[in-house]
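Novice: Contents are mmCIF, C-alpha atoms and all ligand atoms; file name query_18.cif:
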data_structure
loop_
_atom_site.label_atom_id
_atom_site.label_comp_id
_atom_site.auth_asym_id
_atom_site.auth_seq_id
_atom_site.Cartn_x
_atom_site.Cartn_y
_atom_site.Cartn_z
CA MET A 489 113.22 145.79 122.39
CA SER A 490 113.28 143.33 125.24
CA SER A 491 115.38 140.28 124.59
CA GLN A 492 113.33 138.19 127.05
CA SER A 493 110.29 138.27 124.83
CA SER A 494 112.09 137.32 121.62
CA ARG A 495 111.74 133.85 120.16
CA PRO A 496 114.36 131.55 121.67
CA ASP A 497 114.15 129.12 118.74
CA LEU A 498 115.63 131.61 116.25
CA ILE A 499 119.27 132.38 116.73
CA PRO A 500 120.16 135.68 115.11
CA GLN A 501 123.44 135.97 113.23
CA THR A 502 123.85 139.73 113.52
CA THR A 503 122.41 142.67 115.42
CA ALA A 504 120.32 143.48 112.35
CA ASP A 505 118.95 139.90 112.32
CA ALA A 506 118.12 140.17 116.03
CA ALA A 507 116.36 143.50 115.53
CA GLU A 508 114.31 142.01 112.68
CA ARG A 509 113.44 138.88 114.62
CA ASP A 510 112.39 140.89 117.67
CA TYR A 511 110.40 143.53 115.79
CA PHE A 512 108.40 141.12 113.66
CA PHE A 513 107.81 138.81 116.61
CA GLU A 514 106.76 141.50 119.07
CA ASN A 515 104.54 143.55 116.75
CA PRO A 516 101.33 142.15 115.29
CA PRO A 517 101.10 141.74 111.50
CA PRO A 518 98.52 144.12 109.98
CA PRO A 519 95.19 142.48 109.08
CA ALA A 520 95.64 143.25 105.36
CA LEU A 521 99.15 141.77 105.11
CA GLU A 522 98.11 138.49 103.57
CA LYS A 523 95.77 140.14 101.07
CA HIS A 524 98.33 142.75 99.99
CA SER A 525 101.14 140.23 99.76
CA GLY A 526 98.89 137.99 97.64
CA GLN A 527 98.12 140.89 95.28
CA ALA A 528 101.82 141.75 95.01
CA LYS A 529 102.74 138.14 94.29
CA GLU A 530 100.13 137.87 91.56
CA PHE A 531 101.38 141.14 90.04
CA ILE A 532 105.03 140.09 90.09
CA ASP A 533 104.18 136.64 88.70
CA PHE A 534 102.28 138.34 85.88
CA HIS A 535 105.18 140.58 84.83
CA ALA A 536 108.28 138.52 85.63
CA PRO A 537 107.83 135.90 82.86
CA ALA A 538 107.58 138.71 80.29
CA GLY A 539 110.92 140.07 81.52
CA ARG A 540 109.33 143.35 82.54
CA ARG A 541 111.15 145.31 85.22
CA VAL A 542 109.16 145.85 88.40
CA VAL A 543 109.59 148.77 90.80
CA LEU A 544 108.27 149.05 94.32
CA VAL A 545 107.68 152.76 94.97
CA THR A 546 106.97 153.67 98.60
CA SER A 547 105.27 156.98 99.10
CA GLY A 548 103.78 159.23 101.79
CA GLY A 549 104.25 159.25 105.53
CA THR A 550 103.76 156.52 108.09
CA THR A 551 101.80 157.24 111.26
CA VAL A 552 102.66 156.32 114.83
CA PRO A 553 99.52 155.45 116.80
CA LEU A 554 99.47 156.41 120.47
CA GLU A 555 96.56 154.12 121.38
CA ARG A 556 95.55 150.65 120.19
CA GLN A 557 92.04 151.91 119.44
CA THR A 558 93.62 154.85 117.75
CA VAL A 559 92.24 158.32 118.27
CA ARG A 560 95.58 160.10 118.24
CA PHE A 561 98.69 159.47 116.22
CA ILE A 562 101.91 161.17 115.23
CA ASP A 563 102.16 161.99 111.53
CA ASN A 564 104.56 163.74 109.19
CA PHE A 565 104.37 166.26 106.38
CA SER A 566 104.70 164.00 103.34
CA ALA A 567 101.86 164.32 100.83
CA GLY A 568 103.24 161.63 98.52
CA THR A 569 104.13 164.02 95.71
CA ARG A 570 107.57 162.51 95.11
CA GLY A 571 106.30 158.93 95.13
CA ALA A 572 103.24 159.55 92.95
CA THR A 573 105.21 161.62 90.44
CA SER A 574 108.05 159.11 90.29
CA ALA A 575 105.57 156.27 89.76
CA GLU A 576 104.29 158.03 86.63
CA TYR A 577 107.82 158.36 85.29
CA PHE A 578 108.55 154.70 85.99
CA LEU A 579 105.38 153.70 84.12
CA GLU A 580 106.40 155.85 81.17
CA ALA A 581 109.81 154.13 81.25
CA GLY A 582 108.18 150.71 80.92
CA TYR A 583 108.23 149.50 84.52
CA ALA A 584 105.40 147.70 86.25
CA VAL A 585 104.82 149.68 89.45
CA ILE A 586 103.79 148.51 92.89
CA PHE A 587 102.77 151.75 94.52
CA LEU A 588 102.88 151.28 98.29
CA HIS A 589 101.43 154.50 99.60
CA ARG A 590 99.96 156.10 102.67
CA GLN A 591 96.22 155.74 102.45
CA PHE A 592 94.60 158.90 100.96
CA SER A 593 97.94 160.41 99.92
CA LEU A 594 98.62 161.44 96.32
CA GLN A 595 98.47 158.74 93.65
CA PRO A 596 99.92 158.58 90.15
CA TYR A 597 97.79 160.41 87.56
CA SER A 598 94.91 161.34 89.89
CA ARG A 599 97.40 163.55 91.79
CA HIS A 600 96.97 166.19 89.10
CA TYR A 601 93.37 166.66 90.17
CA SER A 602 93.31 165.64 93.78
CA HIS A 603 92.51 167.26 97.09
CA ALA A 604 96.10 168.17 97.82
CA THR A 605 96.41 170.48 94.82
CA ASP A 606 93.07 171.52 93.36
CA CYS A 607 89.50 170.39 93.83
CA PHE A 608 88.66 168.18 90.84
CA LEU A 609 85.26 169.86 90.54
CA ASP A 610 87.01 173.08 89.52
CA PHE A 611 88.11 171.34 86.32
CA LEU A 612 84.55 170.47 85.25
CA HIS A 613 81.31 172.06 84.15
CA GLU A 614 77.90 170.85 83.07
CA GLY A 615 77.41 170.46 79.32
CA PRO A 616 74.23 171.57 77.47
CA ASP A 617 72.87 168.00 77.53
CA GLY A 618 73.43 167.57 81.27
CA SER A 619 76.70 165.65 80.79
CA ILE A 620 79.88 166.49 82.67
CA VAL A 621 82.52 168.20 80.55
CA ALA A 622 86.11 169.17 81.33
CA ASN A 623 86.73 172.92 81.12
CA GLU A 624 88.22 173.90 77.76
CA GLU A 625 91.56 175.07 79.14
CA TYR A 626 92.23 171.77 80.95
CA GLN A 627 91.00 169.38 78.28
CA SER A 628 94.23 168.55 76.48
CA LYS A 629 96.23 167.90 79.65
CA MET A 630 93.37 165.95 81.23
CA LEU A 631 92.97 163.80 78.14
CA GLU A 632 96.70 163.06 78.12
CA VAL A 633 96.66 162.10 81.82
CA LEU A 634 93.52 160.00 81.32
CA ARG A 635 95.05 158.13 78.39
CA ARG A 636 98.21 157.34 80.32
CA TYR A 637 96.23 156.22 83.33
CA ASN A 638 93.94 153.99 81.26
CA SER A 639 96.87 152.53 79.38
CA ALA A 640 98.63 151.62 82.67
CA LYS A 641 95.42 150.06 83.98
CA LYS A 642 94.70 148.15 80.77
CA GLN A 643 98.17 146.57 80.78
CA ASN A 644 97.97 145.82 84.52
CA LEU A 645 101.05 147.95 85.08
CA LEU A 646 100.02 149.65 88.30
CA LEU A 647 99.20 147.99 91.60
CA THR A 648 98.33 150.41 94.40
CA LEU A 649 98.52 149.18 97.98
CA PRO A 650 97.81 151.40 101.00
CA PHE A 651 99.42 151.56 104.43
CA THR A 652 98.73 153.78 107.39
CA THR A 653 100.95 153.01 110.37
CA ILE A 654 104.68 152.42 110.61
CA ASN A 655 103.88 148.83 111.52
CA ASP A 656 101.71 148.27 108.42
CA TYR A 657 104.52 149.70 106.34
CA LEU A 658 107.33 147.59 107.77
CA PHE A 659 105.44 144.33 107.50
CA VAL A 660 104.35 144.87 103.91
CA LEU A 661 107.72 146.31 102.86
CA ARG A 662 109.44 143.16 104.09
CA SER A 663 106.92 140.91 102.43
CA ILE A 664 106.99 142.64 99.02
CA SER A 665 110.79 142.98 99.01
CA GLN A 666 111.07 139.24 99.62
CA LEU A 667 108.57 138.56 96.84
CA MET A 668 110.69 140.70 94.51
CA ARG A 669 113.84 138.75 95.27
CA PRO A 670 113.53 136.39 92.27
CA LEU A 671 113.51 139.43 89.97
CA GLY A 672 117.17 140.08 90.78
CA PRO A 673 118.38 143.38 89.32
CA ASP A 674 115.10 143.70 87.37
CA GLY A 675 113.49 144.49 90.71
CA LEU A 676 113.92 148.09 91.82
CA LEU A 677 113.06 149.31 95.30
CA TYR A 678 112.53 153.05 95.35
CA LEU A 679 111.97 154.06 98.95
CA ALA A 680 110.52 157.57 98.94
CA ALA A 681 108.12 157.15 101.88
CA ALA A 682 108.73 159.32 104.94
CA VAL A 683 109.12 156.59 107.53
CA SER A 684 108.74 157.33 111.23
CA ASP A 685 111.93 157.10 113.26
CA PHE A 686 110.17 156.61 116.60
CA PHE A 687 107.19 154.57 117.72
CA VAL A 688 105.29 153.31 120.76
CA PRO A 689 106.15 149.63 121.23
CA PRO A 690 103.16 147.32 121.77
CA GLU A 691 103.92 146.62 125.42
CA ARG A 692 103.60 150.34 126.22
CA MET A 693 100.59 151.12 124.06
CA VAL A 694 97.35 151.73 125.94
CA GLU A 695 94.12 150.21 124.67
CA HIS A 696 91.81 153.19 124.99
CA LYS A 697 91.88 156.87 124.20
CA ILE A 698 94.39 158.66 126.42
CA GLN A 699 92.47 160.84 128.85
CA SER A 700 93.31 164.50 129.08
CA THR A 701 91.80 165.05 132.53
CA ASN A 702 91.43 163.08 135.71
CA ALA A 703 87.61 163.18 135.39
CA THR A 704 87.32 159.40 135.25
CA GLU A 705 89.50 158.99 138.30
CA THR A 706 88.49 160.22 141.77
CA GLN A 707 86.44 163.38 141.32
CA ALA A 708 88.34 165.51 143.76
CA VAL A 709 92.05 166.12 143.97
CA PRO A 710 92.90 164.41 147.28
CA GLU A 711 93.31 166.91 150.06
CA GLN A 712 96.61 165.52 151.24
CA THR A 713 98.20 166.04 147.79
CA THR A 714 100.84 168.69 148.13
CA LYS A 715 100.98 171.54 145.67
CA GLU A 716 104.27 170.18 144.27
CA GLN A 717 102.91 166.62 143.84
CA ASN A 718 99.84 168.01 142.21
CA GLU A 719 101.82 170.14 139.75
CA GLU A 720 103.79 167.14 138.63
CA GLU A 721 100.73 165.58 137.03
CA THR A 722 98.23 168.34 136.48
CA PHE A 723 97.92 171.83 135.16
CA ASP A 724 95.69 174.43 136.68
CA ASN A 725 92.48 174.84 134.67
CA PHE A 726 92.10 178.40 135.91
CA ASP A 727 89.83 177.06 138.62
CA SER A 728 91.46 175.59 141.65
CA SER A 729 88.29 173.94 142.90
CA PRO A 730 89.08 170.28 143.62
CA THR A 731 85.77 169.24 142.01
CA VAL A 732 86.84 170.47 138.57
CA PRO A 733 88.60 167.78 136.51
CA ARG A 734 92.25 168.65 136.23
CA SER A 735 94.16 168.55 132.93
CA LYS A 736 96.97 166.04 132.75
CA ARG A 737 100.33 166.46 131.16
CA LEU A 738 100.98 163.95 128.37
CA ILE A 739 104.51 162.69 128.15
CA VAL A 740 105.08 160.48 125.10
CA ASP A 741 107.89 157.99 125.46
CA LEU A 742 108.95 156.62 122.08
CA ASP A 743 111.38 153.88 121.11
CA PRO A 744 113.50 154.13 117.98
CA VAL A 745 112.12 152.24 114.99
CA PRO A 746 114.75 149.68 113.97
CA LYS A 747 116.51 150.60 110.72
CA PHE A 748 115.70 147.76 108.36
CA LEU A 749 117.52 149.00 105.27
CA LYS A 750 120.45 146.72 106.11
CA ASN A 751 118.08 143.74 106.32
CA LEU A 752 116.48 144.74 103.03
CA VAL A 753 119.82 145.08 101.25
CA ASP A 754 121.42 141.95 102.69
CA GLY A 755 118.48 139.62 103.12
CA TRP A 756 115.11 140.63 101.73
CA ALA A 757 116.12 141.60 98.19
CA PRO A 758 119.91 141.24 97.98
CA GLU A 759 120.12 141.36 94.20
CA GLY A 760 117.59 144.14 93.75
CA MET A 761 118.46 147.72 92.83
CA ILE A 762 117.86 149.79 95.91
CA VAL A 763 117.33 153.54 95.98
CA SER A 764 116.63 155.26 99.28
CA PHE A 765 115.81 158.88 100.06
CA LYS A 766 117.24 161.06 102.78
CA LEU A 767 115.36 164.11 103.97
CA GLU A 768 116.96 166.78 106.10
CA THR A 769 116.20 170.37 107.01
CA ASP A 770 119.79 171.50 107.60
CA PRO A 771 121.69 171.98 104.30
CA GLU A 772 124.98 171.58 106.17
CA ILE A 773 124.38 167.91 106.95
CA LEU A 774 122.36 166.60 104.00
CA VAL A 775 125.15 165.22 101.83
CA ARG A 776 127.05 163.84 104.82
CA LYS A 777 123.97 161.99 106.04
CA ALA A 778 123.29 160.63 102.55
CA GLN A 779 126.88 159.41 102.27
CA TYR A 780 126.70 157.87 105.73
CA SER A 781 123.54 156.00 104.73
CA LEU A 782 125.20 154.71 101.56
CA ASP A 783 128.31 153.56 103.46
CA ARG A 784 126.26 151.91 106.15
CA TYR A 785 123.76 150.06 103.99
CA GLN A 786 125.84 149.54 100.86
CA HIS A 787 123.00 149.98 98.38
CA HIS A 788 122.95 151.68 95.01
CA LEU A 789 121.79 155.25 95.42
CA VAL A 790 120.72 157.74 98.06
CA ILE A 791 118.71 160.69 96.85
CA GLY A 792 119.03 163.58 99.28
CA ASN A 793 116.59 166.43 99.57
CA LEU A 794 115.83 169.33 101.89
CA LEU A 795 112.36 169.98 103.20
CA SER A 796 112.28 173.55 101.94
CA THR A 797 113.68 172.93 98.45
CA ARG A 798 112.67 169.32 97.76
CA LYS A 799 110.47 170.21 94.81
CA TRP A 800 113.30 172.15 93.17
CA GLU A 801 116.40 170.08 93.69
CA VAL A 802 117.73 166.74 94.85
CA VAL A 803 121.25 165.42 95.21
CA PHE A 804 122.28 161.96 93.98
CA VAL A 805 124.85 160.24 96.17
CA ALA A 806 126.12 156.99 94.66
CA PRO A 807 129.17 154.79 95.27
CA ASN A 808 132.38 155.88 93.51
CA GLN A 809 130.76 158.91 91.92
CA SER A 810 130.78 162.56 92.73
CA ASP A 811 127.55 163.94 94.16
CA THR A 812 125.22 165.26 91.50
CA TRP A 813 122.63 167.95 92.09
CA ILE A 814 119.58 167.76 89.85
CA ARG A 815 117.43 170.84 89.62
CA VAL A 816 114.33 171.95 87.86
CA PRO A 817 114.76 175.28 86.12
CA ARG A 818 113.68 178.31 88.07
CA ARG A 819 111.94 180.39 85.54
CA ARG A 820 112.88 184.05 85.55
CA LYS A 821 111.31 186.79 83.50
CA LYS A 822 113.78 188.38 81.11
CA MET A 823 113.25 191.30 78.73
CA THR A 824 114.26 190.56 75.15
CA SER A 825 113.79 192.46 71.95
CA SER A 826 110.71 190.34 71.24
CA GLY A 827 109.17 190.79 74.69
CA ILE A 828 109.33 188.88 77.99
CA GLU A 829 110.76 185.38 77.83
CA ASN A 830 111.33 182.72 80.40
CA MET A 831 114.86 181.91 81.26
CA VAL A 832 116.40 179.09 83.21
CA GLY A 833 117.86 180.12 86.57
CA GLU A 834 121.49 179.59 87.45
CA LEU A 835 122.61 176.14 88.56
CA GLY A 836 125.36 175.62 91.11
CA ASP A 837 126.71 172.66 93.01
CA LYS A 838 125.53 173.84 96.41
CA PRO A 839 122.01 173.60 97.86
CA LEU A 840 119.67 176.35 96.79
CA ASP A 841 118.76 179.03 99.28
CA PRO A 842 114.98 178.77 99.87
CA LYS A 843 114.88 182.59 99.85
CA ASP A 844 115.86 182.53 96.16
CA LEU A 845 113.02 180.28 95.08
CA PRO A 846 110.14 181.72 93.11
CA GLU A 847 106.72 181.54 94.74
CA GLY A 848 104.53 178.52 94.07
CA GLU A 849 105.31 175.11 92.68
CA PRO A 850 107.90 174.34 89.99
CA GLU A 851 106.47 173.85 86.52
CA MET A 852 108.56 170.71 86.06
CA GLU A 853 109.08 167.81 88.39
CA ILE A 854 112.02 165.90 89.73
O1 LIG B 901 105.85 163.34 99.76
P1 LIG B 901 106.59 164.60 99.44
O2 LIG B 901 106.81 164.76 97.98
O3 LIG B 901 105.96 165.79 100.09
O4 LIG B 901 108.03 164.45 100.12
C1 LIG B 901 108.95 163.53 99.60
C2 LIG B 901 109.98 163.13 100.66
C3 LIG B 901 110.71 164.36 101.14
C4 LIG B 901 109.27 162.45 101.82
C5 LIG B 901 110.98 162.15 99.98
O5 LIG B 901 111.61 162.78 98.94
C6 LIG B 901 112.01 161.65 101.00
O6 LIG B 901 113.00 162.26 101.23
N1 LIG B 901 111.74 160.52 101.64
C7 LIG B 901 112.58 159.95 102.69
C8 LIG B 901 112.38 160.70 103.99
C9 LIG B 901 113.31 160.22 105.06
O7 LIG B 901 114.44 160.71 105.20
O8 LIG B 901 112.88 159.33 105.78
#
Translate the structure of the given file into structure tokens.
Ligand code: PAZ

Specialist:
Amino acid sequence: MSSQSSRPDLIPQTTADAAERDYFFENPPPPALEKHSGQAKEFIDFHAPAGRRVVLVTSGGTTVPLERQTVRFIDNFSAGTRGATSAEYFLEAGYAVIFLHRQFSLQPYSRHYSHATDCFLDFLHEGPDGSIVANEEYQSKMLEVLRRYNSAKKQNLLLTLPFTTINDYLFVLRSISQLMRPLGPDGLLYLAAAVSDFFVPPERMVEHKIQSTNATETQAVPEQTTKEQNEEETFDNFDSSPTVPRSKRLIVDLDPVPKFLKNLVDGWAPEGMIVSFKLETDPEILVRKAQYSLDRYQHHLVIGNLLSTRKWEVVFVAPNQSDTWIRVPRRRKKMTSSGIENMVGELGDKPLDPKDLPEGEPEMEI
């Protein structure tokens, strides 16, 4: 972040304040910010007087656009399963839920029938009178899900707001957290979104689609270009003719995304309950990174998970408490006198080895 371009009229108190001031000054607010903030305010104002607890659940991955008119972007793996599932549990527990999710990622209730798991058409058939009927074997679960969904809608308990880019996410996260401030500890921020760590700052972002060849530049590779100079910028397209457009190497230079959890904890929603997630791939560092995050940001809970086992186990890291692993049972077939029964797998206090996991998805959720 360049300090020259930051607003001189705001004097930051801390490095975190300066990072916030610079980021939100240098990056443009998303077009939908006002609309989404207005919807969130209305939702909070509706529930706060009734003393209902409100949770902001963030879910899914943020993108990092490489061009202003975006053709290409960097994405991550998150489908929004954790966020959408957790939102359902919060609704069942009586919370009003603001579900801030990556556009087109999984959503509470509809996730059971969405693109990421099964095609919803596979659950349906045509009835004798031409109506659409749920297949017999799915009816009871579908009815249950439908009732819960309709009940949440009827009581205005679920507000879904989409984001796409890291910038959309940061602007709306700040705005909603600040709107939740008056809720005090009745406002819970549950940050399960997979947020990009790197981005292209606006001053380095090109307007148009990045070109992969030099076809729009001079047609021919200039004769005086040495082989070495040429190789720096181009790859051979298996045809060394200078009239053939040459492929260009793309080097992406990313800045770190400022970590705003400190700002959220200290300034945006200082009395709120704040739960963050930490994802790692290396089991050796997960708990240490979660503890580091807790020490650094001083919030209430970090939930750690590993990419390969995240649907089976998470670890809770909270101040002044020992780390607690929470696992869904791994069902194992066991022979008993009455036949084959399911049995709960063993539970330890160390991360599971992905090799020991049964195939497919767990039958329960965490
Ligand atoms: O969306 P999903 O269910 O596939 O994954 C959930 C998750 C791993 C993104 C979430 O549990 C999480 O850890 N979020 C924070 C990621 C991070 O460290 O930024």

Novice: Draw an axis-aligned box over all listed atoms of ligand LIG 901 (chain B), pad each side with 6 Å, and write its centre and edge lengths in Å, one decimal, as JSON.

Specialist:
{"center_x": 110.1, "center_y": 162.6, "center_z": 101.9, "size_x": 20.6, "size_y": 18.5, "size_z": 19.8}

Novice: Using all atoms listed in the file, find each residue with an atom at most 9 Å away from ligand LIG 901 (chain B) and format the answer as a PyMOL selection string.

Specialist: chain A and resi 546-549+564-573+593-594+679-685+764-768+791-795+798-799+802

Novice: List every protein, DNA or RNA residue that has at least one atom no more than 6 Å from (120.9, 166.9, 94.4) in the file's coordinates, counting only C-alpha atoms, and write the result as a ChimeraX atom specification.

Specialist: /A:801-804,812-814

Novice: Which residue, A:Val545, A:Lys641, A:Ile773, A:Met630, has the smallest gap to His600 (chain A) when you use only C-alpha atoms?

Specialist: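 Among the listed residues, the smallest separation from His600 (chain A) belongs to A:Met630.
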
Novice: What is the CA of Ile654 (chain A) to CA of Leu749 (chain A) distance in Å?

Specialist: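 For CA of Ile654 (chain A) relative to CA of Leu749 (chain A), the distance reads 14.3 Å.
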
Novice: May I ask for the distance between CA of Trp756 (chain A) and CA of Ser665 (chain A), given in Å to one decimal place?

Specialist: 5.6 Å
